[in-house]
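start.tsv, holding TSV, C-alpha atoms:
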```tsv
chain	number	residue	atom	x	y	z
A	13	MET	CA	63.19	27.40	-0.28
A	14	LEU	CA	61.45	26.38	2.94
A	15	ASN	CA	60.74	29.01	5.53
A	16	ILE	CA	61.54	27.37	8.87
A	17	ASP	CA	61.29	29.39	12.05
A	18	TRP	CA	64.18	27.88	13.97
A	19	LYS	CA	63.78	30.16	16.96
A	20	ASP	CA	60.18	29.04	17.66
A	21	ARG	CA	61.10	25.40	17.16
A	22	ALA	CA	64.04	25.75	19.57
A	23	ILE	CA	61.83	27.38	22.21
A	24	ASN	CA	59.20	24.66	21.87
A	25	ARG	CA	61.84	21.94	22.06
A	26	ARG	CA	63.29	23.51	25.21
A	27	PHE	CA	59.88	23.39	26.89
A	28	GLU	CA	59.42	19.78	25.80
A	29	ASN	CA	62.81	18.88	27.25
A	30	LYS	CA	61.93	20.53	30.58
A	31	LYS	CA	58.68	18.58	30.77
A	32	LEU	CA	60.44	15.32	29.92
A	33	LYS	CA	63.16	15.87	32.53
A	34	LYS	CA	60.53	16.64	35.16
A	35	ARG	CA	58.63	13.46	34.27
A	36	ILE	CA	61.83	11.38	34.43
A	37	LYS	CA	62.52	12.72	37.95
A	38	GLU	CA	58.97	11.84	39.02
A	39	LEU	CA	59.34	8.30	37.70
A	40	ILE	CA	62.69	7.80	39.40
A	41	ILE	CA	61.29	8.99	42.74
A	42	SER	CA	58.22	6.78	42.32
A	43	HIS	CA	60.33	3.73	41.46
A	44	ASP	CA	62.68	4.27	44.38
A	45	SER	CA	59.85	4.63	46.88
A	46	TRP	CA	58.23	1.48	45.49
A	47	LYS	CA	61.44	-0.47	46.06
A	48	GLU	CA	61.74	0.81	49.62
A	49	LYS	CA	58.14	-0.11	50.40
A	50	ALA	CA	58.64	-3.61	48.98
A	51	ILE	CA	61.76	-4.14	51.09
A	52	GLU	CA	59.95	-2.94	54.23
A	53	ARG	CA	57.06	-5.32	53.56
A	54	LYS	CA	59.44	-8.22	53.05
A	55	GLU	CA	61.24	-7.45	56.31
A	56	GLY	CA	57.88	-7.22	58.08
A	57	ILE	CA	56.77	-10.57	56.70
A	58	ILE	CA	60.01	-12.22	57.79
A	59	HIS	CA	59.56	-10.77	61.28
A	60	LEU	CA	55.99	-12.11	61.49
A	61	ILE	CA	57.06	-15.56	60.29
A	62	ARG	CA	59.69	-15.71	63.04
A	63	GLN	CA	57.09	-14.72	65.62
A	64	VAL	CA	54.73	-17.45	64.40
A	65	GLU	CA	57.51	-20.03	64.67
A	66	LEU	CA	58.23	-18.97	68.26
A	67	ILE	CA	54.55	-19.18	69.15
A	68	LYS	CA	54.33	-22.67	67.63
A	69	LYS	CA	57.34	-23.80	69.69
A	70	ASN	CA	55.79	-22.40	72.87
A	71	ILE	CA	52.49	-24.13	72.14
A	72	GLN	CA	54.33	-27.44	71.59
A	73	LYS	CA	56.10	-27.01	74.93
A	74	ILE	CA	52.80	-26.35	76.67
A	75	ILE	CA	51.17	-29.38	75.04
A	76	GLU	CA	54.11	-31.64	76.05
A	77	VAL	CA	53.87	-30.59	79.69
```
Give the structure from this file in structure tokens form.
Amino acid sequence: MLNIDWKDRAINRRFENKKLKKRIKELIISHDSWKEKAIERKEGIIHLIRQVELIKKNIQKIIEV
């Protein structure tokens, strides 16, 4: 018959589970912050494009005058 120390295995598994849960939380936080940064960049780019369009219109008005 095999001599398996279930108590030690259970303790080790509990520590593994804690480490895995901690890593999952880190990944979720990292992913969420990445999404927020990407959205902010996109909004910033859209804002800059609008400003460039306004500047082009103003330059055209100046050239026409």
For a test of reading the model, state the distance in Å between atom CA of Ile16 of chain A and atom CA of Lys31 of chain A, rounded to one decimal. 23.8 Å
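The gap separating atom CA of Asp44 of chain A from atom CA of Arg26 of chain A is 27.2 Å, in Å to one decimal.
What separates atom CA of Lys30 of chain A from atom CA of Glu48 of chain A is a distance of 27.4 Å.
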